[in-house]
Amino acid sequence: MKSKQKLELTWVGKDNRPRLEPRILIEDAEKSYHAAARMSETDIFDNVLIHGDNLLALKALEAEYAGKVKCVFIDPPYNTGSAFTHYDDGLEHSIWLGLMRDRLEIIRRLLSEDGSLWITIDDHEAHYLKVLCDEIFGRPNFIANVIWEKSDSPKMDSRFFSSRHDHILTYAKDIERARLARINTGEVASHFSKTDEKGRHYYTKPLRAMGSGDDTREARPTMYYALIAPDGSEIFPVRPDGVEGRWRWSPKKVQAEADKIEWVNGRQGWSAYYRIYADSSTGRPPETIWTHGDVGSNRTSKIEIQSLFSDVEQFTTPKPERLIQRILELASGPGDLVLDSFAGSGTTGAVAHKMGRRWIMIELGQHCTTHIVPRLQQVIDGTDQGGVSKTVEWRGGGGFRYYELAPSLLEKDKWGREVISKEYDAAMLAQALCKLEGFTYAPSPDVYWQQGHSSESDFLYVTTQTLGPEELVALSEEVGEGRSLLILCAAFRGNAELWPNLTLRKIPNHIRSRCEWGHDDYSLNVANLPQAEVKAAPAPQARLFDDGDVS
Ligand SMILES: C[S@@+](CC[C@H](N)C(=O)[O-])C[C@H]1O[C@@H](n2cnc3c(N)ncnc32)[C@H](O)[C@@H]1O
């Protein structure tokens with residue numbers, strides 16, 4: 001039988017998938033920073049900054065944060081082939097696609113069901129990235145390709161076109177659940193002419209899809225189904241020309257938003273309408289062209305970054321704060337969690353912090369320490385009054401914790417055998433094994449064998465000792481009936497089947513084949529590539545205000 005074909009992008013090495021070790025994170029308390037005093041009831045202190053490769057870091061976050069991130073913004077290396085001060089942007093196309101695919105897959109798992117992803121990219125990879133994202137997120141979950149006017153003037157030395165824009169590809173985890181805010185204009189338009197029982201203004205639109213070219217059953221078969229009218233009759237979407245049509249909403253959405261459906265019994269029988277409320281629609285929908293006047297340009301961000309870092313080398317590819325503000329306004333609310341796994345100079349965290357969002361940032365380069373930490377310190381102290389500070393009336397407060405990725409749990413000994421790393425103490429070992437086995441690390445202060453749990457009655461205990469029959473009998477009695485314990489130990493003596501509430505496994509044997517151990521940098525393929533030849537570079541002062549193609 002012929003195998004089912006699908007539309008997909010292929011590239012060299014597409015089938016190679018890393019088997020990632022779920023690392024634990026180690027806080028570096030000296031680099032963590034918290035405001036000395038509370039500024040408000042809503043100050044957020046549990047923000048996370050991770051220094052390290054984002055593939056391992058995203059994997060490290062997965063156990064705790066899967067399904068919890070409302071908005072992901074990333075500004076990855078654009079793969080333009082030019083060498084930058086802080087990272088090498090010149091990846092070969094296939095490596096770049098593989099690198100992005102592996103990261104985007106985890107990002108998707110981290111997103112909440114109503115969350116969205118926003119990626120800035122230029123013409124070099126935008127169209128390949130679109131197809132890749134379609135594959136990972138599903139084509140229906142594409143929201144828009146926003147054009148951001150990144151430059152406010154032409155580059156006179158351009159050979160063909162002077163490129164003035166970047167793309168912002170936007171995807172929903174689930175288009176049916178995603179909600180974007182409107183751009184606030186502060187007015188209620190006159191067409192919200194109806195009022196519901198609570199006094200809210202609204203207008204209605206037909207629930208049958210109309211005039212979009214794909215408004216037939218044939219075009220969207222799953223959107224053709226019966227709705228039940230108030231008299232109990234089944235109503236199917238039918239176009240005025242008698243052709244079978246389709247609804248705008250899926251059955252799932254009809255169920256979730258049943259209270260917005262309004263029925264009208266006209267000459268043709270029952271017709272379904274849906275309500276559009278003024279409170280969810282004040283302002284206007286975001287448009288797909290964002291001008292530099294509205295959200296800033298590369299020139300804006302260079303000036304912002306220059307005023308933040310007068311005494312360290314400038315970060316060359318920051319985004320303007322207003323651009324991130326626009327995205328966070330549309331895609332998140334106060335208290336929501338925002339993630340940027342290509343943090344650069346930390347713009348996303350800085351803006352998220354000022355807007356009262358919780359944030360996680362990941363950055364591989366040393367500028368994690370030299371740029372992000374001091375930038376966020378200025379935000380927390382309230383001394384950063386640039387960017388969006390004045391518009392959001394930012395006064396300071398909150399904090400963040402700085403983490404490094406732990407070393408690999410297994411290392412090679414002098415005979416080339418994998419053994420538990422000497423850098424792991426007992427607590428780290430228990431934490432790492434909990435993560436690997438899908439348990440929550442929560443050591444009980446009273447019961448030594450309750451180091452982690454997967455449910456109320458299933459526990460995990462790690463020891464580097466050899467357990468004998470007496471200890472196992474005692475453990476089994478303590479665990480008792482109705483509870484179970486996974487024991488990861490160096491070795492044990494006795495017949496494991498004698499204790500049905502205990503599961504005994506030897507470490508490291510039990511975990512050896514689980515993942516790629518000792519693999520520290522999945523961006524190595526980036527770093528190992530030769531640096532692109534630096535062509536006659538313009539003088540630094542000239543570049544500072546040159547509004548050309550960066551990122
Ligand atoms: C275009 S910059 C992001 C700039 C950022 N939006 C800002 O406003 O400052 C891309 C960043 O991704 C980082 N990066 C590249 N590969 C990475 C990886 N594997 N893990 C973590 N960060 C990485 C680079 O070091 C660089 O700082």
# chains A, B, ... in the order shown; residues from 1 in each chain; ligands from 1

$ closest_atom_pairs --of "chain A" --to "ligand 1" --cutoff "6 Å" --atoms "only C-alpha atoms and all ligand atoms" --output "CSV"
residue,atom,partner,partner_atom_place_in_ligand_line,distance
A:Gly52,CA,ligand 1,21 (C),5.9
A:Asp53,CA,ligand 1,20 (N),3.7
A:Asn54,CA,ligand 1,20 (N),3.8
A:Asp75,CA,ligand 1,6 (N),4.9
A:Pro76,CA,ligand 1,10 (C),4.7
A:Pro77,CA,ligand 1,10 (C),5.0
A:His86,CA,ligand 1,25 (O),6.0
A:Tyr87,CA,ligand 1,25 (O),5.1
A:Thr317,CA,ligand 1,1 (C),5.2
A:Pro318,CA,ligand 1,8 (O),3.4
A:Lys319,CA,ligand 1,8 (O),3.9
A:Phe342,CA,ligand 1,12 (O),3.7
A:Ala343,CA,ligand 1,5 (C),5.0
A:Gly344,CA,ligand 1,27 (O),3.2
A:Ser345,CA,ligand 1,9 (O),3.6
A:Gly346,CA,ligand 1,9 (O),5.2
A:Thr347,CA,ligand 1,8 (O),4.4
A:Ile362,CA,ligand 1,21 (C),5.7
A:Glu363,CA,ligand 1,22 (N),4.0
A:Leu364,CA,ligand 1,21 (C),3.9
A:Gly365,CA,ligand 1,25 (O),4.7
A:Ser523,CA,ligand 1,19 (N),4.6
A:Ser551,CA,ligand 1,1 (C),4.5

$ write_last_selection --atoms "C-alpha atoms" --output "CSV table (one decimal), in the first residue's frame"
chain,number,residue,atom,x,y,z
A,52,GLY,CA,22.9,28.6,29.0
A,53,ASP,CA,21.9,26.9,25.7
A,54,ASN,CA,18.2,27.4,25.2
A,75,ASP,CA,14.1,37.1,18.2
A,76,PRO,CA,16.4,34.3,17.1
A,77,PRO,CA,19.6,34.8,15.1
A,86,HIS,CA,27.8,38.8,20.5
A,87,TYR,CA,27.0,35.7,18.5
A,317,THR,CA,20.7,43.7,17.9
A,318,PRO,CA,18.2,44.8,20.5
A,319,LYS,CA,14.5,45.3,19.8
A,342,PHE,CA,16.8,34.2,22.8
A,343,ALA,CA,17.0,37.0,25.3
A,344,GLY,CA,19.9,39.1,23.9
A,345,SER,CA,20.1,42.3,26.0
A,346,GLY,CA,16.9,41.4,27.9
A,347,THR,CA,14.4,43.7,26.3
A,362,ILE,CA,17.2,32.3,28.5
A,363,GLU,CA,20.5,33.6,27.0
A,364,LEU,CA,23.6,31.7,26.0
A,365,GLY,CA,26.1,34.5,25.7
A,523,SER,CA,24.3,25.3,19.8
A,551,SER,CA,19.3,41.3,14.2

$ residues_around --residues "Arg179 in chain A" --least-positions-apart "2" --cutoff "9 Å" --atoms "only C-alpha atoms" --output "PDB file with N, CA and C atoms, in the first residue's frame"
ATOM      1  N   ASP A 114      -4.380  28.686  25.527  1.00  0.00           N
ATOM      2  CA  ASP A 114      -4.803  29.953  24.912  1.00  0.00           C
ATOM      3  C   ASP A 114      -3.606  30.868  24.614  1.00  0.00           C
ATOM      4  N   GLY A 115      -2.410  30.294  24.612  1.00  0.00           N
ATOM      5  CA  GLY A 115      -1.207  31.111  24.437  1.00  0.00           C
ATOM      6  C   GLY A 115      -0.813  31.304  22.978  1.00  0.00           C
ATOM      7  N   SER A 116       0.160  32.192  22.764  1.00  0.00           N
ATOM      8  CA  SER A 116       0.612  32.461  21.396  1.00  0.00           C
ATOM      9  C   SER A 116       2.118  32.689  21.331  1.00  0.00           C
ATOM     10  N   ALA A 172      -0.973  30.677  17.188  1.00  0.00           N
ATOM     11  CA  ALA A 172      -1.694  30.291  18.406  1.00  0.00           C
ATOM     12  C   ALA A 172      -1.369  28.838  18.699  1.00  0.00           C
ATOM     13  N   ILE A 175      -5.991  27.916  17.863  1.00  0.00           N
ATOM     14  CA  ILE A 175      -6.645  29.122  17.326  1.00  0.00           C
ATOM     15  C   ILE A 175      -8.048  29.317  17.905  1.00  0.00           C
ATOM     16  N   GLU A 176      -8.692  28.208  18.300  1.00  0.00           N
ATOM     17  CA  GLU A 176     -10.048  28.328  18.867  1.00  0.00           C
ATOM     18  C   GLU A 176     -10.016  28.950  20.258  1.00  0.00           C
ATOM     19  N   ARG A 177      -8.901  28.775  20.949  1.00  0.00           N
ATOM     20  CA  ARG A 177      -8.831  29.259  22.333  1.00  0.00           C
ATOM     21  C   ARG A 177      -8.104  30.587  22.454  1.00  0.00           C
ATOM     22  N   ALA A 181      -5.925  40.933  22.492  1.00  0.00           N
ATOM     23  CA  ALA A 181      -6.586  42.181  22.881  1.00  0.00           C
ATOM     24  C   ALA A 181      -6.689  43.088  21.658  1.00  0.00           C
ATOM     25  N   LEU A 330      -1.110  42.808  23.385  1.00  0.00           N
ATOM     26  CA  LEU A 330      -2.049  42.020  22.578  1.00  0.00           C
ATOM     27  C   LEU A 330      -2.208  40.604  23.115  1.00  0.00           C
ATOM     28  N   ALA A 331      -1.089  40.027  23.589  1.00  0.00           N
ATOM     29  CA  ALA A 331      -1.062  38.581  23.817  1.00  0.00           C
ATOM     30  C   ALA A 331      -1.044  38.160  25.272  1.00  0.00           C
TER      31      ALA A 331
END

$ atom_distance --atom1 "CA of Pro221 in chain A" --atom2 "CA of Glu113 in chain A"
23.9 Å

$ select_by_dssp --residues "range 256-487 of chain A" --states "strand (DSSP E)" --output "JSON list (two decimals) with N, CA and C atoms, in the first residue's frame"
[["chain", "number", "residue", "atom", "x", "y", "z"],
["A", 261, "ILE", "N", -24.55, 33.06, 21.15],
["A", 261, "ILE", "CA", -25.30, 32.77, 19.92],
["A", 261, "ILE", "C", -26.75, 33.25, 20.06],
["A", 262, "GLU", "N", -27.23, 33.91, 19.02],
["A", 262, "GLU", "CA", -28.56, 34.49, 19.03],
["A", 262, "GLU", "C", -29.30, 33.92, 17.81],
["A", 263, "TRP", "N", -30.56, 33.52, 17.99],
["A", 263, "TRP", "CA", -31.32, 32.95, 16.87],
["A", 263, "TRP", "C", -32.38, 33.92, 16.37],
["A", 264, "VAL", "N", -32.56, 34.00, 15.07],
["A", 264, "VAL", "CA", -33.61, 34.84, 14.48],
["A", 264, "VAL", "C", -34.46, 33.95, 13.59],
["A", 265, "ASN", "N", -35.82, 34.00, 13.80],
["A", 265, "ASN", "CA", -36.71, 33.18, 12.98],
["A", 265, "ASN", "C", -37.29, 34.05, 11.86],
["A", 266, "GLY", "N", -36.72, 33.99, 10.68],
["A", 266, "GLY", "CA", -37.16, 34.83, 9.55],
["A", 266, "GLY", "C", -37.96, 34.04, 8.54],
["A", 269, "GLY", "N", -36.71, 30.67, 7.74],
["A", 269, "GLY", "CA", -36.55, 29.77, 8.88],
["A", 269, "GLY", "C", -35.50, 30.33, 9.84],
["A", 270, "TRP", "N", -34.95, 29.46, 10.67],
["A", 270, "TRP", "CA", -34.02, 29.90, 11.72],
["A", 270, "TRP", "C", -32.65, 30.25, 11.14],
["A", 271, "SER", "N", -32.07, 31.39, 11.63],
["A", 271, "SER", "CA", -30.68, 31.74, 11.29],
["A", 271, "SER", "C", -29.93, 32.03, 12.58],
["A", 272, "ALA", "N", -28.68, 31.56, 12.61],
["A", 272, "ALA", "CA", -27.85, 31.77, 13.82],
["A", 272, "ALA", "C", -26.94, 32.99, 13.64],
["A", 273, "TYR", "N", -26.86, 33.79, 14.70],
["A", 273, "TYR", "CA", -25.96, 34.95, 14.72],
["A", 273, "TYR", "C", -25.09, 34.84, 15.98],
["A", 274, "TYR", "N", -23.96, 35.53, 15.99],
["A", 274, "TYR", "CA", -23.16, 35.58, 17.22],
["A", 274, "TYR", "C", -22.94, 37.04, 17.61],
["A", 275, "ARG", "N", -22.83, 37.23, 18.95],
["A", 275, "ARG", "CA", -22.71, 38.59, 19.48],
["A", 275, "ARG", "C", -21.24, 39.02, 19.56],
["A", 276, "ILE", "N", -21.00, 40.25, 19.19],
["A", 276, "ILE", "CA", -19.67, 40.84, 19.37],
["A", 276, "ILE", "C", -19.85, 42.00, 20.35],
["A", 277, "TYR", "N", -19.27, 41.82, 21.52],
["A", 277, "TYR", "CA", -19.48, 42.80, 22.59],
["A", 277, "TYR", "C", -18.52, 43.97, 22.49],
["A", 289, "ILE", "N", 0.45, 45.91, 9.76],
["A", 289, "ILE", "CA", 1.63, 46.73, 9.49],
["A", 289, "ILE", "C", 1.88, 47.62, 10.70],
["A", 290, "TRP", "N", 3.05, 47.49, 11.29],
["A", 290, "TRP", "CA", 3.41, 48.26, 12.48],
["A", 290, "TRP", "C", 4.51, 49.24, 12.10],
["A", 337, "LEU", "N", 2.48, 34.69, 32.28],
["A", 337, "LEU", "CA", 3.89, 34.32, 32.13],
["A", 337, "LEU", "C", 4.35, 34.49, 30.68],
["A", 338, "VAL", "N", 5.47, 35.20, 30.52],
["A", 338, "VAL", "CA", 6.03, 35.51, 29.20],
["A", 338, "VAL", "C", 7.42, 34.88, 29.12],
["A", 339, "LEU", "N", 7.73, 34.27, 27.97],
["A", 339, "LEU", "CA", 9.04, 33.60, 27.81],
["A", 339, "LEU", "C", 9.77, 34.15, 26.60],
["A", 340, "ASP", "N", 11.08, 34.39, 26.76],
["A", 340, "ASP", "CA", 11.94, 34.73, 25.62],
["A", 340, "ASP", "C", 13.19, 33.87, 25.75],
["A", 358, "ARG", "N", 4.82, 38.13, 34.54],
["A", 358, "ARG", "CA", 5.92, 37.29, 35.02],
["A", 358, "ARG", "C", 6.75, 36.90, 33.81],
["A", 359, "TRP", "N", 8.07, 36.69, 33.99],
["A", 359, "TRP", "CA", 8.87, 36.39, 32.81],
["A", 359, "TRP", "C", 9.93, 35.34, 33.07],
["A", 360, "ILE", "N", 10.30, 34.65, 31.97],
["A", 360, "ILE", "CA", 11.44, 33.73, 31.96],
["A", 360, "ILE", "C", 12.28, 34.12, 30.76],
["A", 361, "MET", "N", 13.58, 34.31, 30.95],
["A", 361, "MET", "CA", 14.47, 34.58, 29.81],
["A", 361, "MET", "C", 15.64, 33.59, 29.84],
["A", 362, "ILE", "N", 16.08, 33.24, 28.63],
["A", 362, "ILE", "CA", 17.23, 32.34, 28.49],
["A", 362, "ILE", "C", 18.22, 33.01, 27.54],
["A", 363, "GLU", "N", 19.49, 33.02, 27.91],
["A", 363, "GLU", "CA", 20.50, 33.60, 27.03],
["A", 363, "GLU", "C", 21.81, 32.82, 27.19],
["A", 399, "GLY", "N", 11.69, 41.34, 41.35],
["A", 399, "GLY", "CA", 13.02, 40.74, 41.31],
["A", 399, "GLY", "C", 13.09, 39.57, 40.37],
["A", 400, "PHE", "N", 14.27, 38.93, 40.34],
["A", 400, "PHE", "CA", 14.44, 37.72, 39.51],
["A", 400, "PHE", "C", 15.51, 36.83, 40.13],
["A", 401, "ARG", "N", 15.46, 35.58, 39.75],
["A", 401, "ARG", "CA", 16.51, 34.63, 40.16],
["A", 401, "ARG", "C", 17.32, 34.24, 38.94],
["A", 402, "TYR", "N", 18.63, 34.15, 39.14],
["A", 402, "TYR", "CA", 19.56, 33.84, 38.04],
["A", 402, "TYR", "C", 19.97, 32.36, 38.18],
["A", 403, "TYR", "N", 19.84, 31.62, 37.11],
["A", 403, "TYR", "CA", 20.17, 30.19, 37.16],
["A", 403, "TYR", "C", 21.19, 29.81, 36.09],
["A", 404, "GLU", "N", 21.99, 28.80, 36.42],
["A", 404, "GLU", "CA", 22.84, 28.12, 35.43],
["A", 404, "GLU", "C", 22.27, 26.71, 35.29],
["A", 405, "LEU", "N", 22.53, 26.10, 34.15],
["A", 405, "LEU", "CA", 22.14, 24.69, 33.99],
["A", 405, "LEU", "C", 23.13, 23.83, 34.78],
["A", 410, "LEU", "N", 25.41, 12.33, 34.40],
["A", 410, "LEU", "CA", 26.38, 11.24, 34.25],
["A", 410, "LEU", "C", 27.64, 11.78, 33.56],
["A", 411, "GLU", "N", 28.80, 11.32, 34.04],
["A", 411, "GLU", "CA", 30.05, 11.67, 33.37],
["A", 411, "GLU", "C", 30.83, 10.39, 33.13],
["A", 412, "LYS", "N", 31.84, 10.45, 32.28],
["A", 412, "LYS", "CA", 32.63, 9.24, 31.99],
["A", 412, "LYS", "C", 33.75, 9.14, 33.02],
["A", 418, "GLU", "N", 30.00, 5.32, 32.15],
["A", 418, "GLU", "CA", 29.20, 6.44, 32.66],
["A", 418, "GLU", "C", 28.91, 6.25, 34.15],
["A", 419, "VAL", "N", 29.29, 7.25, 34.94],
["A", 419, "VAL", "CA", 29.05, 7.20, 36.38],
["A", 419, "VAL", "C", 28.39, 8.52, 36.80],
["A", 420, "ILE", "N", 27.84, 8.52, 38.02],
["A", 420, "ILE", "CA", 27.20, 9.76, 38.47],
["A", 420, "ILE", "C", 28.26, 10.84, 38.69],
["A", 440, "THR", "N", 7.65, 15.05, 41.04],
["A", 440, "THR", "CA", 7.88, 16.41, 41.55],
["A", 440, "THR", "C", 8.84, 16.30, 42.73],
["A", 441, "TYR", "N", 9.92, 17.06, 42.67],
["A", 441, "TYR", "CA", 10.90, 17.04, 43.77],
["A", 441, "TYR", "C", 10.35, 17.84, 44.93],
["A", 452, "GLY", "N", 10.35, 12.78, 46.52],
["A", 452, "GLY", "CA", 9.55, 13.30, 45.42],
["A", 452, "GLY", "C", 8.26, 12.50, 45.34],
["A", 453, "HIS", "N", 7.29, 13.03, 44.60],
["A", 453, "HIS", "CA", 6.03, 12.28, 44.44],
["A", 453, "HIS", "C", 5.48, 12.48, 43.04],
["A", 454, "SER", "N", 4.78, 11.45, 42.56],
["A", 454, "SER", "CA", 4.10, 11.59, 41.26],
["A", 454, "SER", "C", 2.59, 11.67, 41.47],
["A", 455, "SER", "N", 2.14, 11.27, 42.68],
["A", 455, "SER", "CA", 0.74, 11.41, 43.07],
["A", 455, "SER", "C", 0.73, 11.44, 44.60],
["A", 458, "ASP", "N", 2.30, 7.93, 45.56],
["A", 458, "ASP", "CA", 3.44, 7.32, 44.86],
["A", 458, "ASP", "C", 4.68, 8.19, 45.07],
["A", 459, "PHE", "N", 5.73, 7.62, 45.69],
["A", 459, "PHE", "CA", 6.88, 8.42, 46.09],
["A", 459, "PHE", "C", 8.17, 7.91, 45.45],
["A", 460, "LEU", "N", 9.20, 8.73, 45.57],
["A", 460, "LEU", "CA", 10.51, 8.37, 45.02],
["A", 460, "LEU", "C", 11.58, 8.58, 46.09],
["A", 461, "TYR", "N", 12.49, 7.62, 46.18],
["A", 461, "TYR", "CA", 13.59, 7.70, 47.15],
["A", 461, "TYR", "C", 14.88, 7.36, 46.44],
["A", 462, "VAL", "N", 15.90, 8.22, 46.61],
["A", 462, "VAL", "CA", 17.19, 8.02, 45.95],
["A", 462, "VAL", "C", 18.25, 7.83, 47.01],
["A", 463, "THR", "N", 19.08, 6.82, 46.84],
["A", 463, "THR", "CA", 20.23, 6.66, 47.74],
["A", 463, "THR", "C", 21.41, 6.07, 46.97],
["A", 464, "THR", "N", 22.60, 6.49, 47.34],
["A", 464, "THR", "CA", 23.78, 5.91, 46.70],
["A", 464, "THR", "C", 24.30, 4.71, 47.51],
["A", 465, "GLN", "N", 23.51, 4.28, 48.50],
["A", 465, "GLN", "CA", 23.88, 3.12, 49.32],
["A", 465, "GLN", "C", 23.41, 1.82, 48.66],
["A", 466, "THR", "N", 23.95, 0.72, 49.19],
["A", 466, "THR", "CA", 23.40, -0.59, 48.85],
["A", 466, "THR", "C", 22.38, -0.95, 49.94],
["A", 467, "LEU", "N", 21.18, -1.31, 49.54],
["A", 467, "LEU", "CA", 20.15, -1.61, 50.53],
["A", 467, "LEU", "C", 20.07, -3.12, 50.77],
["A", 484, "SER", "N", 3.00, 3.48, 47.17],
["A", 484, "SER", "CA", 4.09, 2.81, 46.46],
["A", 484, "SER", "C", 5.33, 3.69, 46.48],
["A", 485, "LEU", "N", 6.49, 3.03, 46.35],
["A", 485, "LEU", "CA", 7.76, 3.77, 46.41],
["A", 485, "LEU", "C", 8.71, 3.26, 45.34],
["A", 486, "LEU", "N", 9.21, 4.19, 44.52],
["A", 486, "LEU", "CA", 10.26, 3.85, 43.55],
["A", 486, "LEU", "C", 11.60, 4.16, 44.23],
["A", 487, "ILE", "N", 12.44, 3.11, 44.36],
["A", 487, "ILE", "CA", 13.74, 3.31, 45.01],
["A", 487, "ILE", "C", 14.84, 3.23, 43.96]]

$ select_by_dssp --residues "range 246-446 of chain A" --states "alpha helix (DSSP H)" --output "PyMOL selection string"
chain A and resi 251-256+292-295+298-308+321-331+347-354+367+373-381+426-437

$ write_last_selection --atoms "C-alpha atoms" --output "CSV table (one decimal), in the first residue's frame"
chain,number,residue,atom,x,y,z
A,251,PRO,CA,-18.4,22.7,17.4
A,252,LYS,CA,-15.9,23.1,20.2
A,253,LYS,CA,-16.2,26.9,20.1
A,254,VAL,CA,-20.0,26.8,19.7
A,255,GLN,CA,-20.1,24.8,22.9
A,256,ALA,CA,-17.7,27.1,24.7
A,292,HIS,CA,8.3,52.8,13.4
A,293,GLY,CA,6.3,55.7,14.6
A,294,ASP,CA,4.0,53.4,16.6
A,295,VAL,CA,6.4,50.8,17.9
A,298,ASN,CA,16.2,49.7,15.1
A,299,ARG,CA,17.3,53.3,15.6
A,300,THR,CA,15.0,53.6,18.6
A,301,SER,CA,16.4,50.4,20.2
A,302,LYS,CA,20.0,51.4,19.7
A,303,ILE,CA,19.3,54.7,21.4
A,304,GLU,CA,17.5,52.9,24.3
A,305,ILE,CA,20.4,50.5,24.7
A,306,GLN,CA,23.0,53.2,24.5
A,307,SER,CA,21.4,55.1,27.4
A,308,LEU,CA,21.3,51.8,29.5
A,321,GLU,CA,10.8,48.4,24.0
A,322,ARG,CA,7.6,49.7,22.4
A,323,LEU,CA,7.6,46.7,19.9
A,324,ILE,CA,7.6,44.2,22.8
A,325,GLN,CA,5.0,46.3,24.7
A,326,ARG,CA,2.7,46.1,21.7
A,327,ILE,CA,3.1,42.3,21.6
A,328,LEU,CA,2.6,41.8,25.3
A,329,GLU,CA,-0.4,44.1,25.3
A,330,LEU,CA,-2.0,42.0,22.6
A,331,ALA,CA,-1.1,38.6,23.8
A,347,THR,CA,14.4,43.7,26.3
A,348,THR,CA,11.5,41.2,26.7
A,349,GLY,CA,12.1,40.7,30.4
A,350,ALA,CA,12.6,44.5,31.0
A,351,VAL,CA,9.3,45.3,29.3
A,352,ALA,CA,7.4,42.4,30.8
A,353,HIS,CA,8.6,43.4,34.2
A,354,LYS,CA,7.4,47.0,33.8
A,367,HIS,CA,25.9,39.3,27.9
A,373,VAL,CA,21.6,41.5,34.8
A,374,PRO,CA,22.5,45.2,35.0
A,375,ARG,CA,19.5,46.1,32.8
A,376,LEU,CA,17.0,44.3,35.0
A,377,GLN,CA,18.7,45.7,38.1
A,378,GLN,CA,18.0,49.2,36.8
A,379,VAL,CA,14.4,48.2,36.0
A,380,ILE,CA,13.9,46.8,39.5
A,381,ASP,CA,15.6,49.9,41.1
A,426,ALA,CA,22.6,14.1,47.5
A,427,ALA,CA,20.0,16.8,47.0
A,428,MET,CA,20.9,17.5,43.4
A,429,LEU,CA,20.9,13.8,42.6
A,430,ALA,CA,17.4,13.4,44.1
A,431,GLN,CA,16.2,16.5,42.2
A,432,ALA,CA,17.7,15.3,38.9
A,433,LEU,CA,16.3,11.8,39.2
A,434,CYS,CA,12.8,13.2,40.1
A,435,LYS,CA,12.9,15.2,36.9
A,436,LEU,CA,14.0,12.3,34.8
A,437,GLU,CA,11.4,10.0,36.2

$ residues_around --residues "Gly283 in chain A" --least-positions-apart "6" --cutoff "6 Å" --atoms "only C-alpha atoms" --output "list in words"
Arg182, Ile183, Asn184 and Thr185 of chain A

$ write_last_selection --atoms "N, CA and C atoms" --output "PDB file, in the first residue's frame"
ATOM      1  N   ARG A 182      -7.461  44.142  21.765  1.00  0.00           N
ATOM      2  CA  ARG A 182      -7.550  45.121  20.693  1.00  0.00           C
ATOM      3  C   ARG A 182      -6.625  46.283  21.018  1.00  0.00           C
ATOM      4  N   ILE A 183      -6.336  47.078  20.010  1.00  0.00           N
ATOM      5  CA  ILE A 183      -5.553  48.283  20.266  1.00  0.00           C
ATOM      6  C   ILE A 183      -6.512  49.301  20.874  1.00  0.00           C
ATOM      7  N   ASN A 184      -6.194  49.736  22.064  1.00  0.00           N
ATOM      8  CA  ASN A 184      -7.131  50.568  22.813  1.00  0.00           C
ATOM      9  C   ASN A 184      -7.265  51.968  22.217  1.00  0.00           C
ATOM     10  N   THR A 185      -8.508  52.346  21.833  1.00  0.00           N
ATOM     11  CA  THR A 185      -8.732  53.706  21.343  1.00  0.00           C
ATOM     12  C   THR A 185      -9.610  54.486  22.311  1.00  0.00           C
TER      13      THR A 185
END

$ residues_around --residues "Ile136 in chain A" --least-positions-apart "3" --cutoff "9 Å" --atoms "only C-alpha atoms" --output "list in words"
Arg101, Leu104, Glu105, Arg108, Val131, Leu132, Cys133 and Arg139 of chain A

$ atom_distance --atom1 "CA of Pro18 in chain A" --atom2 "CA of Phe73 in chain A"
23.4 Å

$ atom_distance --atom1 "CA of Thr291 in chain A" --atom2 "CA of Glu149 in chain A"
5.0 Å
